[in-house]
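**Q** Sharing run_22.csv, CSV, C-alpha atoms:
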```
chain,number,residue,atom,x,y,z
A,21,MET,CA,38.3,-31.4,-69.7
A,22,PRO,CA,41.0,-30.4,-67.2
A,23,MET,CA,42.1,-26.8,-67.4
A,24,TRP,CA,45.7,-27.7,-67.9
A,25,LEU,CA,44.9,-29.8,-70.9
A,26,THR,CA,42.7,-26.9,-72.3
A,27,VAL,CA,45.5,-24.4,-72.1
A,28,VAL,CA,48.1,-26.8,-73.5
A,29,LEU,CA,45.8,-27.3,-76.5
A,30,LEU,CA,45.4,-23.6,-76.9
A,31,GLY,CA,49.1,-23.1,-76.6
A,32,ILE,CA,49.7,-25.7,-79.4
A,33,ILE,CA,47.1,-24.0,-81.7
A,34,GLU,CA,48.7,-20.6,-81.1
A,35,GLY,CA,52.2,-21.9,-81.6
A,36,ILE,CA,51.4,-23.6,-84.9
A,37,THR,CA,49.2,-20.8,-86.4
A,38,GLU,CA,50.9,-17.6,-85.2
A,39,PHE,CA,53.3,-17.3,-88.1
A,40,LEU,CA,51.9,-19.8,-90.6
A,41,PRO,CA,49.6,-18.0,-93.1
A,42,VAL,CA,46.4,-19.6,-91.7
A,43,SER,CA,45.3,-17.1,-89.0
A,44,SER,CA,46.0,-17.7,-85.3
A,45,THR,CA,43.1,-15.5,-84.3
A,46,GLY,CA,40.7,-17.5,-86.5
A,47,HIS,CA,41.9,-20.8,-85.1
A,48,LEU,CA,41.7,-19.6,-81.5
A,49,LEU,CA,38.1,-18.3,-82.1
A,50,ILE,CA,37.2,-21.7,-83.6
A,51,ALA,CA,38.9,-23.7,-80.8
A,52,GLU,CA,37.2,-21.6,-78.0
A,53,ARG,CA,33.8,-22.7,-79.3
A,54,TRP,CA,34.6,-26.2,-77.9
A,55,LEU,CA,37.3,-25.4,-75.3
A,56,THR,CA,36.9,-23.2,-72.2
A,57,ARG,CA,37.1,-19.6,-73.3
A,58,GLN,CA,40.1,-17.8,-71.9
A,59,SER,CA,40.6,-14.1,-71.1
A,60,ASP,CA,42.0,-11.6,-73.7
A,61,LEU,CA,45.0,-11.2,-71.4
A,62,PHE,CA,45.7,-15.0,-71.7
A,63,ASN,CA,45.5,-14.9,-75.5
A,64,VAL,CA,47.9,-11.9,-75.7
A,65,VAL,CA,50.5,-13.3,-73.3
A,66,ILE,CA,50.7,-16.6,-75.1
A,67,GLN,CA,50.9,-14.8,-78.5
A,68,CYS,CA,53.9,-12.8,-77.2
A,69,GLY,CA,55.6,-16.0,-76.1
A,70,ALA,CA,55.1,-17.5,-79.6
A,71,VAL,CA,56.6,-14.3,-81.1
A,72,LEU,CA,59.7,-14.1,-78.9
A,73,ALA,CA,60.5,-17.8,-79.5
A,74,VAL,CA,61.2,-17.3,-83.2
A,75,LEU,CA,63.9,-14.6,-82.7
A,76,PRO,CA,66.8,-17.2,-82.5
A,77,LEU,CA,65.7,-18.5,-85.9
A,78,PHE,CA,67.2,-15.3,-87.5
A,79,PRO,CA,70.8,-15.4,-86.3
A,80,ALA,CA,72.2,-13.8,-89.4
A,81,ARG,CA,69.8,-10.9,-89.2
A,82,LEU,CA,70.3,-10.4,-85.5
A,83,HIS,CA,74.1,-10.5,-86.0
A,84,GLN,CA,73.7,-7.9,-88.8
A,85,PHE,CA,71.5,-5.6,-86.6
A,86,PHE,CA,73.7,-5.7,-83.6
A,87,PHE,CA,77.2,-5.8,-85.0
A,88,ARG,CA,76.9,-4.4,-88.5
A,89,TRP,CA,74.4,-1.6,-87.9
A,90,ARG,CA,76.8,1.0,-89.3
A,91,GLU,CA,76.6,-0.6,-92.8
A,92,LYS,CA,74.3,1.2,-95.3
A,93,ALA,CA,72.5,-2.1,-96.2
A,94,THR,CA,71.7,-2.9,-92.6
A,95,GLN,CA,70.4,0.6,-91.9
A,96,ASP,CA,68.3,0.4,-95.1
A,97,TYR,CA,66.7,-2.9,-94.0
A,98,LEU,CA,66.1,-1.6,-90.5
A,99,LEU,CA,64.5,1.5,-91.8
A,100,LYS,CA,62.2,-0.5,-94.0
A,101,ILE,CA,61.2,-2.7,-91.0
A,102,LEU,CA,60.5,0.4,-88.9
A,103,THR,CA,58.6,2.1,-91.7
A,104,ALA,CA,56.2,-0.9,-92.1
A,105,PHE,CA,55.9,-1.1,-88.3
A,106,ALA,CA,55.1,2.7,-88.2
A,107,ILE,CA,52.4,2.4,-90.9
A,108,THR,CA,50.7,-0.4,-88.9
A,109,GLY,CA,51.1,1.5,-85.7
A,110,ALA,CA,49.5,4.6,-87.1
A,111,GLY,CA,46.6,2.7,-88.5
A,112,GLY,CA,46.2,0.7,-85.2
A,113,PHE,CA,46.2,4.0,-83.2
A,114,MET,CA,43.3,5.3,-85.4
A,115,LEU,CA,41.4,2.1,-84.9
A,116,GLU,CA,42.0,2.3,-81.2
A,117,LYS,CA,40.7,5.9,-81.2
A,118,LYS,CA,37.5,4.7,-83.0
A,119,HIS,CA,37.1,2.0,-80.3
A,120,PHE,CA,37.3,-0.8,-82.9
A,121,LYS,CA,36.6,-4.2,-81.5
A,122,LEU,CA,37.5,-7.4,-83.4
A,123,PRO,CA,34.4,-9.4,-84.3
A,124,GLU,CA,34.2,-12.8,-82.7
A,125,GLU,CA,31.7,-14.5,-85.0
A,126,LEU,CA,32.8,-17.4,-87.1
A,127,LEU,CA,31.2,-16.3,-90.3
A,128,PRO,CA,33.6,-13.4,-91.0
A,129,VAL,CA,36.5,-15.8,-90.1
A,130,ALA,CA,35.3,-18.3,-92.7
A,131,VAL,CA,34.9,-15.6,-95.3
A,132,ALA,CA,38.4,-14.3,-94.7
A,133,LEU,CA,40.0,-17.8,-94.7
A,134,PHE,CA,38.2,-18.7,-97.9
A,135,ALA,CA,39.2,-15.4,-99.7
A,136,GLY,CA,42.8,-15.7,-98.6
A,137,GLY,CA,43.0,-19.3,-99.7
A,138,VAL,CA,41.6,-18.5,-103.1
A,139,LEU,CA,44.1,-15.6,-103.5
A,140,PHE,CA,47.0,-17.8,-102.5
A,141,VAL,CA,46.1,-20.5,-105.1
A,142,VAL,CA,45.4,-17.8,-107.9
A,143,VAL,CA,48.6,-15.8,-107.1
A,144,GLU,CA,50.9,-18.8,-107.0
A,145,ARG,CA,49.6,-20.1,-110.3
A,146,TRP,CA,50.0,-16.6,-111.8
A,147,LEU,CA,53.6,-16.6,-110.5
A,148,ARG,CA,54.6,-19.8,-112.2
A,149,GLY,CA,57.6,-19.3,-114.5
A,150,ARG,CA,58.2,-15.8,-113.2
A,151,THR,CA,61.5,-14.7,-111.7
A,152,LEU,CA,61.0,-13.1,-108.3
A,153,GLY,CA,63.5,-10.8,-106.7
A,154,SER,CA,65.1,-10.8,-103.2
A,155,GLU,CA,65.2,-6.9,-102.8
A,156,VAL,CA,62.6,-5.5,-100.4
A,157,THR,CA,61.3,-2.5,-102.3
A,158,TRP,CA,59.5,0.5,-100.7
A,159,ALA,CA,56.3,-0.7,-102.4
A,160,VAL,CA,56.6,-3.9,-100.5
A,161,VAL,CA,57.3,-2.0,-97.2
A,162,VAL,CA,54.1,0.0,-97.6
A,163,ALA,CA,52.1,-3.1,-98.7
A,164,VAL,CA,53.3,-5.1,-95.6
A,165,GLY,CA,52.3,-2.3,-93.3
A,166,ILE,CA,48.8,-2.1,-94.8
A,167,GLY,CA,48.6,-5.9,-94.9
A,168,GLN,CA,49.0,-6.1,-91.2
A,169,LEU,CA,46.2,-3.6,-90.7
A,170,ILE,CA,43.9,-5.6,-93.0
A,171,ALA,CA,44.6,-8.7,-90.8
A,172,ALA,CA,43.9,-6.7,-87.7
A,173,VAL,CA,40.5,-5.7,-88.9
A,174,PHE,CA,39.3,-9.0,-90.5
A,175,PRO,CA,39.8,-12.0,-88.3
A,176,GLY,CA,40.8,-15.1,-90.3
A,177,THR,CA,42.8,-13.0,-92.8
A,178,SER,CA,46.2,-13.9,-91.1
A,179,ARG,CA,48.8,-11.2,-90.6
A,180,SER,CA,51.6,-13.3,-92.2
A,181,GLY,CA,49.2,-14.5,-94.9
A,182,ALA,CA,48.2,-11.0,-96.0
A,183,THR,CA,51.8,-9.6,-95.9
A,184,ILE,CA,53.4,-12.5,-97.7
A,185,LEU,CA,50.7,-12.5,-100.3
A,186,LEU,CA,51.1,-8.8,-101.1
A,187,ALA,CA,54.9,-9.1,-101.2
A,188,LEU,CA,54.6,-12.0,-103.7
A,189,ILE,CA,52.3,-10.0,-105.9
A,190,LEU,CA,54.9,-7.1,-105.9
A,191,GLY,CA,57.6,-9.5,-107.1
A,192,LEU,CA,59.4,-10.5,-103.9
A,193,ASN,CA,60.5,-14.1,-103.7
A,194,ARG,CA,59.0,-16.5,-101.1
A,195,VAL,CA,62.0,-16.7,-98.8
A,196,ALA,CA,62.6,-12.9,-98.7
A,197,ALA,CA,58.8,-12.3,-98.3
A,198,THR,CA,58.5,-14.7,-95.4
A,199,GLU,CA,61.5,-13.3,-93.6
A,200,PHE,CA,60.5,-9.7,-94.0
A,201,SER,CA,56.9,-10.5,-93.0
A,202,PHE,CA,58.1,-12.2,-89.8
A,203,LEU,CA,60.7,-9.5,-88.9
A,204,VAL,CA,58.1,-6.8,-89.2
A,205,GLY,CA,55.5,-8.9,-87.4
A,206,ILE,CA,57.8,-9.4,-84.3
A,207,PRO,CA,57.9,-5.7,-83.1
A,208,THR,CA,54.3,-5.2,-84.3
A,209,MET,CA,52.8,-8.0,-82.3
A,210,LEU,CA,55.0,-7.4,-79.2
A,211,ALA,CA,54.0,-3.7,-79.2
A,212,ALA,CA,50.3,-4.5,-79.5
A,213,GLY,CA,50.6,-7.3,-77.0
A,214,GLY,CA,52.5,-5.1,-74.5
A,215,LEU,CA,49.8,-2.4,-74.8
A,216,LYS,CA,47.0,-4.9,-74.2
A,217,ILE,CA,48.8,-6.4,-71.2
A,218,PHE,CA,49.3,-3.0,-69.7
A,219,LYS,CA,45.6,-2.1,-70.2
A,220,ALA,CA,44.4,-5.4,-68.9
A,221,LEU,CA,46.5,-5.1,-65.7
A,222,HIS,CA,45.7,-1.4,-65.3
A,223,HIS,CA,41.9,-2.2,-65.4
A,224,ALA,CA,42.2,-5.5,-63.5
A,225,ALA,CA,40.2,-4.3,-60.5
A,226,GLY,CA,36.9,-6.0,-60.3
A,227,LEU,CA,37.9,-8.7,-62.9
A,228,PRO,CA,38.4,-12.4,-62.0
A,229,ALA,CA,42.0,-13.1,-61.0
A,230,GLU,CA,44.1,-14.5,-63.8
A,231,HIS,CA,45.4,-18.0,-63.2
A,232,TRP,CA,49.1,-17.2,-64.0
A,233,GLY,CA,50.3,-20.8,-63.7
A,234,MET,CA,48.0,-21.8,-66.5
A,235,VAL,CA,49.0,-18.7,-68.5
A,236,TRP,CA,52.7,-19.5,-68.3
A,237,LEU,CA,52.1,-23.2,-69.1
A,238,ALA,CA,50.3,-22.2,-72.3
A,239,THR,CA,53.0,-19.6,-73.1
A,240,VAL,CA,55.8,-22.1,-72.8
A,241,VAL,CA,53.9,-24.6,-75.0
A,242,ALA,CA,53.1,-21.9,-77.6
A,243,ALA,CA,56.8,-20.8,-77.6
A,244,ILE,CA,58.2,-24.3,-78.2
A,245,ILE,CA,55.6,-25.1,-80.9
A,246,SER,CA,56.1,-21.7,-82.6
A,247,PHE,CA,59.8,-22.3,-82.8
A,248,ILE,CA,59.3,-25.7,-84.4
A,249,ALA,CA,56.6,-24.4,-86.8
A,250,VAL,CA,58.6,-21.4,-88.0
A,251,LYS,CA,61.8,-23.4,-88.4
A,252,TRP,CA,59.9,-25.8,-90.6
A,253,LEU,CA,58.2,-23.1,-92.6
A,254,LEU,CA,61.5,-21.2,-93.3
A,255,ARG,CA,62.9,-24.4,-94.7
A,256,TYR,CA,59.7,-25.3,-96.6
A,257,VAL,CA,59.4,-22.1,-98.5
A,258,GLN,CA,62.9,-22.6,-100.0
A,259,THR,CA,61.5,-25.4,-102.2
A,260,HIS,CA,57.7,-25.1,-102.1
A,261,THR,CA,54.9,-22.6,-102.9
A,262,PHE,CA,52.1,-21.5,-100.6
A,263,ILE,CA,49.4,-23.4,-102.6
A,264,ALA,CA,49.0,-26.0,-99.9
A,265,PHE,CA,48.2,-23.3,-97.4
A,266,GLY,CA,45.7,-21.9,-99.8
A,267,TRP,CA,43.8,-25.2,-100.1
A,268,TYR,CA,44.0,-25.7,-96.4
A,269,ARG,CA,42.3,-22.3,-95.8
A,270,ILE,CA,39.6,-23.1,-98.4
A,271,ALA,CA,38.9,-26.5,-96.8
A,272,LEU,CA,38.8,-25.0,-93.3
A,273,ALA,CA,36.4,-22.2,-94.4
A,274,ILE,CA,34.1,-24.8,-96.0
A,275,LEU,CA,34.2,-26.9,-92.8
A,276,ILE,CA,33.2,-23.8,-90.7
A,277,GLY,CA,30.4,-23.1,-93.1
A,278,ILE,CA,29.1,-26.6,-92.7
A,279,LEU,CA,29.2,-26.3,-88.9
A,280,LEU,CA,27.4,-23.0,-89.0
A,281,LEU,CA,24.7,-24.4,-91.2
A,282,ALA,CA,24.4,-27.5,-89.0
```
Before we go any further, please render this structure as C-alpha coordinates.

**A**
Amino acid sequence: MPMWLTVVLLGIIEGITEFLPVSSTGHLLIAERWLTRQSDLFNVVIQCGAVLAVLPLFPARLHQFFFRWREKATQDYLLKILTAFAITGAGGFMLEKKHFKLPEELLPVAVALFAGGVLFVVVERWLRGRTLGSEVTWAVVVAVGIGQLIAAVFPGTSRSGATILLALILGLNRVAATEFSFLVGIPTMLAAGGLKIFKALHHAAGLPAEHWGMVWLATVVAAIISFIAVKWLLRYVQTHTFIAFGWYRIALAILIGILLLA
(Lines of atoms letter the chains of each structure in order from A and count residues from 1; the text may use other names and numbers.)
(Lines give C-alpha, C1' and ligand atoms only; values in the text may rest on other atoms or scores of the structure.)
Protein backbone atom coordinates (compact mmCIF):
# COMPACT_ATOMS: atom_id res chain seq x y z
CA MET A 1 0.00 0.00 0.00
CA PRO A 2 1.38 3.47 -0.88
CA MET A 3 2.60 5.42 2.14
CA TRP A 4 0.33 8.38 1.37
CA LEU A 5 -2.72 6.12 1.49
CA THR A 6 -1.58 4.57 4.78
CA VAL A 7 -1.20 7.95 6.48
CA VAL A 8 -4.52 9.19 5.07
CA LEU A 9 -6.26 6.12 6.55
CA LEU A 10 -4.54 6.69 9.91
CA GLY A 11 -5.57 10.36 9.80
CA ILE A 12 -9.18 9.36 9.16
CA ILE A 13 -9.14 6.86 12.04
CA GLU A 14 -7.60 9.44 14.39
CA GLY A 15 -10.05 12.13 13.33
CA ILE A 16 -13.11 9.94 13.88
CA THR A 17 -12.05 8.38 17.16
CA GLU A 18 -10.16 11.14 19.01
CA PHE A 19 -13.25 12.65 20.64
CA LEU A 20 -15.86 9.95 20.15
CA PRO A 21 -16.03 7.67 23.24
CA VAL A 22 -14.51 4.69 21.44
CA SER A 23 -10.73 5.15 22.05
CA SER A 24 -8.45 6.61 19.40
CA THR A 25 -5.40 4.88 20.92
CA GLY A 26 -7.13 1.51 20.73
CA HIS A 27 -8.19 2.02 17.13
CA LEU A 28 -4.71 3.18 16.05
CA LEU A 29 -3.11 0.15 17.73
CA ILE A 30 -5.56 -2.09 15.90
CA ALA A 31 -5.01 -0.32 12.56
CA GLU A 32 -1.23 -0.53 12.86
CA ARG A 33 -1.47 -4.33 12.95
CA TRP A 34 -2.38 -4.18 9.26
CA LEU A 35 -0.99 -0.80 8.18
CA THR A 36 2.64 0.34 8.25
CA ARG A 37 3.49 1.30 11.82
CA GLN A 38 4.30 4.98 12.27
CA SER A 39 6.50 6.70 14.84
CA ASP A 40 5.23 7.97 18.19
CA LEU A 41 5.95 11.51 16.95
CA PHE A 42 3.64 10.93 13.97
CA ASN A 43 0.80 9.77 16.23
CA VAL A 44 1.23 12.71 18.61
CA VAL A 45 1.31 15.36 15.86
CA ILE A 46 -1.85 14.11 14.12
CA GLN A 47 -3.57 13.91 17.52
CA CYS A 48 -2.75 17.58 18.16
CA GLY A 49 -4.16 18.45 14.74
CA ALA A 50 -7.41 16.66 15.55
CA VAL A 51 -7.64 18.47 18.89
CA LEU A 52 -7.02 21.98 17.52
CA ALA A 53 -9.61 21.47 14.79
CA VAL A 54 -12.53 21.28 17.25
CA LEU A 55 -11.91 24.68 18.88
CA PRO A 56 -14.15 26.55 16.38
CA LEU A 57 -17.03 24.29 17.40
CA PHE A 58 -17.29 26.07 20.77
CA PRO A 59 -17.80 29.70 19.66
CA ALA A 60 -20.00 30.62 22.61
CA ARG A 61 -17.46 29.32 25.14
CA LEU A 62 -14.53 30.94 23.35
CA HIS A 63 -16.38 34.27 23.28
CA GLN A 64 -17.15 33.85 26.98
CA PHE A 65 -13.52 33.09 27.84
CA PHE A 66 -12.04 35.97 25.84
CA PHE A 67 -14.61 38.73 26.26
CA ARG A 68 -16.52 37.90 29.45
CA TRP A 69 -13.68 36.60 31.58
CA ARG A 70 -14.43 39.10 34.36
CA GLU A 71 -17.80 37.49 35.04
CA LYS A 72 -17.95 35.17 38.03
CA ALA A 73 -19.64 32.38 36.06
CA THR A 74 -16.84 32.46 33.45
CA GLN A 75 -14.11 32.44 36.07
CA ASP A 76 -15.81 29.55 37.87
CA TYR A 77 -16.02 27.46 34.69
CA LEU A 78 -12.41 28.24 33.75
CA LEU A 79 -11.25 27.32 37.24
CA LYS A 80 -13.03 23.98 36.95
CA ILE A 81 -11.38 23.26 33.61
CA LEU A 82 -7.96 24.17 35.02
CA THR A 83 -8.53 22.07 38.14
CA ALA A 84 -9.44 18.96 36.15
CA PHE A 85 -6.43 19.63 33.91
CA ALA A 86 -4.17 20.01 36.98
CA ILE A 87 -5.38 16.71 38.46
CA THR A 88 -4.58 14.93 35.21
CA GLY A 89 -1.26 16.76 34.89
CA ALA A 90 -0.18 15.84 38.42
CA GLY A 91 -1.07 12.19 37.86
CA GLY A 92 0.65 12.20 34.46
CA PHE A 93 3.79 13.67 36.03
CA MET A 94 3.90 10.83 38.57
CA LEU A 95 3.41 8.25 35.81
CA GLU A 96 6.25 9.89 33.86
CA LYS A 97 8.54 9.73 36.92
CA LYS A 98 7.78 6.01 37.23
CA HIS A 99 8.64 5.60 33.52
CA PHE A 100 5.18 4.27 32.72
CA LYS A 101 4.84 2.97 29.15
CA LEU A 102 1.50 2.42 27.49
CA PRO A 103 1.00 -1.30 26.71
CA GLU A 104 0.66 -2.00 22.99
CA GLU A 105 -0.93 -5.46 23.10
CA LEU A 106 -4.46 -5.88 21.75
CA LEU A 107 -5.80 -7.96 24.65
CA PRO A 108 -5.91 -5.08 27.20
CA VAL A 109 -7.44 -2.87 24.49
CA ALA A 110 -10.22 -5.41 23.96
CA VAL A 111 -10.83 -5.73 27.72
CA ALA A 112 -11.05 -1.94 28.17
CA LEU A 113 -13.33 -1.54 25.14
CA PHE A 114 -15.64 -4.28 26.42
CA ALA A 115 -15.75 -2.98 30.01
CA GLY A 116 -16.46 0.57 28.86
CA GLY A 117 -19.14 -0.62 26.46
CA VAL A 118 -20.94 -2.60 29.16
CA LEU A 119 -20.77 0.39 31.51
CA PHE A 120 -22.26 2.72 28.90
CA VAL A 121 -25.19 0.36 28.32
CA VAL A 122 -25.77 -0.22 32.05
CA VAL A 123 -25.43 3.45 33.05
CA GLU A 124 -27.69 4.70 30.25
CA ARG A 125 -30.39 2.21 31.24
CA TRP A 126 -29.98 3.25 34.88
CA LEU A 127 -30.42 6.91 33.87
CA ARG A 128 -33.74 6.32 32.09
CA GLY A 129 -36.42 8.60 33.52
CA ARG A 130 -33.95 10.52 35.66
CA THR A 131 -33.55 14.29 35.42
CA LEU A 132 -29.94 15.29 34.82
CA GLY A 133 -28.49 18.72 35.62
CA SER A 134 -26.42 21.13 33.56
CA GLU A 135 -24.22 22.47 36.40
CA VAL A 136 -20.66 21.12 36.45
CA THR A 137 -20.09 20.31 40.13
CA TRP A 138 -16.71 19.97 41.82
CA ALA A 139 -17.33 16.24 42.13
CA VAL A 140 -17.60 16.10 38.33
CA VAL A 141 -14.39 18.15 38.00
CA VAL A 142 -12.42 15.68 40.14
CA ALA A 143 -14.00 12.70 38.38
CA VAL A 144 -13.10 14.07 34.93
CA GLY A 145 -9.49 14.63 36.00
CA ILE A 146 -9.26 11.08 37.32
CA GLY A 147 -11.09 9.70 34.28
CA GLN A 148 -8.43 11.12 31.98
CA LEU A 149 -5.75 9.39 34.03
CA ILE A 150 -7.60 6.07 33.83
CA ALA A 151 -7.72 6.43 30.05
CA ALA A 152 -4.01 7.25 29.95
CA VAL A 153 -3.13 4.04 31.80
CA PHE A 154 -5.52 1.61 30.09
CA PRO A 155 -5.48 1.79 26.26
CA GLY A 156 -8.94 1.22 24.84
CA THR A 157 -10.66 3.00 27.72
CA SER A 158 -11.12 6.28 25.78
CA ARG A 159 -10.47 9.62 27.45
CA SER A 160 -13.81 11.06 26.39
CA GLY A 161 -15.56 7.77 27.18
CA ALA A 162 -14.26 7.61 30.76
CA THR A 163 -14.88 11.29 31.54
CA ILE A 164 -18.36 11.44 30.00
CA LEU A 165 -19.38 8.22 31.74
CA LEU A 166 -18.25 9.47 35.16
CA ALA A 167 -19.99 12.82 34.61
CA LEU A 168 -23.25 11.05 33.70
CA ILE A 169 -23.06 8.88 36.81
CA LEU A 170 -22.66 12.05 38.91
CA GLY A 171 -25.81 13.57 37.41
CA LEU A 172 -24.54 15.84 34.61
CA ASN A 173 -26.62 15.78 31.43
CA ARG A 174 -25.18 14.46 28.16
CA VAL A 175 -24.70 17.83 26.45
CA ALA A 176 -22.95 19.45 29.41
CA ALA A 177 -20.89 16.30 30.09
CA THR A 178 -19.72 16.11 26.48
CA GLU A 179 -18.81 19.80 26.33
CA PHE A 180 -16.89 19.79 29.61
CA SER A 181 -15.09 16.57 28.71
CA PHE A 182 -13.95 18.05 25.40
CA LEU A 183 -12.95 21.43 26.85
CA VAL A 184 -10.83 19.75 29.54
CA GLY A 185 -9.39 17.35 26.98
CA ILE A 186 -8.15 20.08 24.64
CA PRO A 187 -5.46 21.58 26.94
CA THR A 188 -4.69 18.14 28.38
CA MET A 189 -3.95 16.54 25.03
CA LEU A 190 -2.15 19.60 23.65
CA ALA A 191 0.10 19.76 26.73
CA ALA A 192 0.85 16.03 26.58
CA GLY A 193 1.39 16.23 22.84
CA GLY A 194 3.66 19.26 23.09
CA LEU A 195 5.81 17.51 25.69
CA LYS A 196 6.10 14.38 23.58
CA ILE A 197 6.98 16.38 20.47
CA PHE A 198 9.68 18.26 22.40
CA LYS A 199 11.17 15.02 23.74
CA ALA A 200 11.03 13.33 20.36
CA LEU A 201 12.78 16.21 18.63
CA HIS A 202 15.26 16.62 21.50
CA HIS A 203 16.30 12.96 21.25
CA ALA A 204 16.02 12.77 17.46
CA ALA A 205 19.76 12.17 16.94
CA GLY A 206 20.36 8.69 15.64
CA LEU A 207 16.67 8.06 14.87
CA PRO A 208 15.29 7.72 11.32
CA ALA A 209 14.33 11.07 9.81
CA GLU A 210 10.62 11.86 10.01
CA HIS A 211 8.82 12.21 6.69
CA TRP A 212 7.17 15.52 7.52
CA GLY A 213 5.23 15.69 4.27
CA MET A 214 3.37 12.53 5.28
CA VAL A 215 2.96 13.79 8.86
CA TRP A 216 1.32 17.04 7.72
CA LEU A 217 -0.90 15.19 5.25
CA ALA A 218 -2.20 12.92 8.01
CA THR A 219 -2.57 15.90 10.36
CA VAL A 220 -4.71 17.85 7.88
CA VAL A 221 -6.88 14.78 7.25
CA ALA A 222 -7.25 14.14 11.00
CA ALA A 223 -8.19 17.78 11.62
CA ILE A 224 -10.88 17.85 8.92
CA ILE A 225 -12.41 14.52 9.97
CA SER A 226 -12.23 15.43 13.68
CA PHE A 227 -14.11 18.69 13.02
CA ILE A 228 -16.87 16.80 11.18
CA ALA A 229 -17.07 14.01 13.79
CA VAL A 230 -17.28 16.34 16.78
CA LYS A 231 -19.80 18.61 15.09
CA TRP A 232 -21.96 15.55 14.48
CA LEU A 233 -21.53 14.25 18.04
CA LEU A 234 -22.44 17.58 19.67
CA ARG A 235 -25.69 17.52 17.72
CA TYR A 236 -26.25 13.79 18.30
CA VAL A 237 -26.10 13.94 22.13
CA GLN A 238 -28.86 16.54 22.21
CA THR A 239 -31.43 13.88 21.31
CA HIS A 240 -29.69 10.52 21.79
CA THR A 241 -28.02 8.48 24.52
CA PHE A 242 -24.58 6.83 24.39
CA ILE A 243 -25.98 3.28 24.21
CA ALA A 244 -25.04 2.92 20.53
CA PHE A 245 -21.40 3.65 21.41
CA GLY A 246 -21.60 1.07 24.19
CA TRP A 247 -22.75 -1.66 21.80
CA TYR A 248 -20.13 -0.62 19.25
CA ARG A 249 -17.38 -0.99 21.86
CA ILE A 250 -18.69 -4.41 22.89
CA ALA A 251 -18.86 -5.60 19.26
CA LEU A 252 -15.33 -4.33 18.50
CA ALA A 253 -13.96 -6.00 21.65
CA ILE A 254 -15.52 -9.32 20.62
CA LEU A 255 -14.09 -8.95 17.10
CA ILE A 256 -10.60 -8.33 18.53
CA GLY A 257 -10.99 -11.37 20.77
CA ILE A 258 -11.89 -13.53 17.77
CA LEU A 259 -8.89 -12.22 15.82
CA LEU A 260 -6.56 -12.94 18.75
CA LEU A 261 -7.90 -16.50 19.07
CA ALA A 262 -7.55 -17.03 15.33

**Q** Enter the distance from CA of Asp96 in chain A to CA of Val161 in chain A, in Å, rounded to one decimal.

**A**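 Straight-line distance from CA of Asp96 in chain A to CA of Val161 in chain A works out to 11.5 Å.
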
**Q** Could you check the closest approach to Cys68 in chain A for each of A:Val240, A:Val164, A:Met234, A:Leu115 and tell me which residue wins, using only C-alpha atoms?

**A**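 Checking each of A:Val240, A:Val164, A:Met234, A:Leu115 against Cys68 in chain A, counting only C-alpha atoms, the winner is A:Val240.
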
**Q** Tell me which protein, DNA and RNA residues are within 6 Å of Gly46 in chain A, counting all atoms listed in the file, leaving out same-chain ones fewer than 4 positions away, and put them as a list in words.

**A**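 My reading of the contact set: Val129, Pro175 and Gly176 of chain A.
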
**Q** What are the closest atom pairs, with distances in Å to one decimal, for all residues of range 167-210 of chain A lying within 8 Å of range 247-262 of chain A? Consider only C-alpha atoms, order rows by chain and residue number, and present the result as CSV.

**A**
```
residue,atom,partner,partner_atom,distance
A:Arg194,CA,A:Val257,CA,6.2
A:Val195,CA,A:Val257,CA,6.0
A:Thr198,CA,A:Leu254,CA,7.5
A:Glu199,CA,A:Leu254,CA,7.9
```

**Q** As an exercise, work out the distance from CA of Ile206 in chain A to CA of Ala171 in chain A in Å and give it to one decimal place.

**A**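 Here the two named atoms are 14.7 Å from each other.
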
**Q** Which residues of range 183-214 of chain A have any atom within 12 Å of an atom in range 133-150 of chain A when counting only C-alpha atoms, and what is the closest pair of atoms for each, with the distance in Å to one decimal? Order the rows by chain and rising number and write it as CSV.

**A**
```
residue,atom,partner,partner_atom,distance
A:Thr183,CA,A:Gly136,CA,11.2
A:Ile184,CA,A:Phe140,CA,9.6
A:Leu185,CA,A:Phe140,CA,6.8
A:Leu186,CA,A:Val143,CA,9.6
A:Ala187,CA,A:Val143,CA,10.9
A:Leu188,CA,A:Val143,CA,7.9
A:Ile189,CA,A:Val143,CA,7.0
A:Leu190,CA,A:Leu147,CA,10.6
A:Gly191,CA,A:Arg150,CA,8.8
A:Leu192,CA,A:Leu147,CA,10.7
A:Asn193,CA,A:Arg150,CA,9.9
A:Arg194,CA,A:Glu144,CA,10.3
```

**Q** If I take CA of Ala238 in chain A and CA of Arg53 in chain A, how far is one from the other in Å, to one decimal?

**A** 17.9 Å

**Q** For Val156 in chain A, which residue out of A:Leu99, A:Ala172, A:Leu279, A:Ala106 is the nearest one, using only C-alpha atoms?

**A**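 Among A:Leu99, A:Ala172, A:Leu279, A:Ala106, it is A:Leu99 that comes nearest to Val156 in chain A.
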
**Q** Would you please work out which residue, of A:Phe218, A:Phe86, A:Phe78, A:Phe174, is nearest to Glu124 in chain A when using all atoms listed in the file?

**A**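 So, comparing all the options, the nearest one is A:Phe174.
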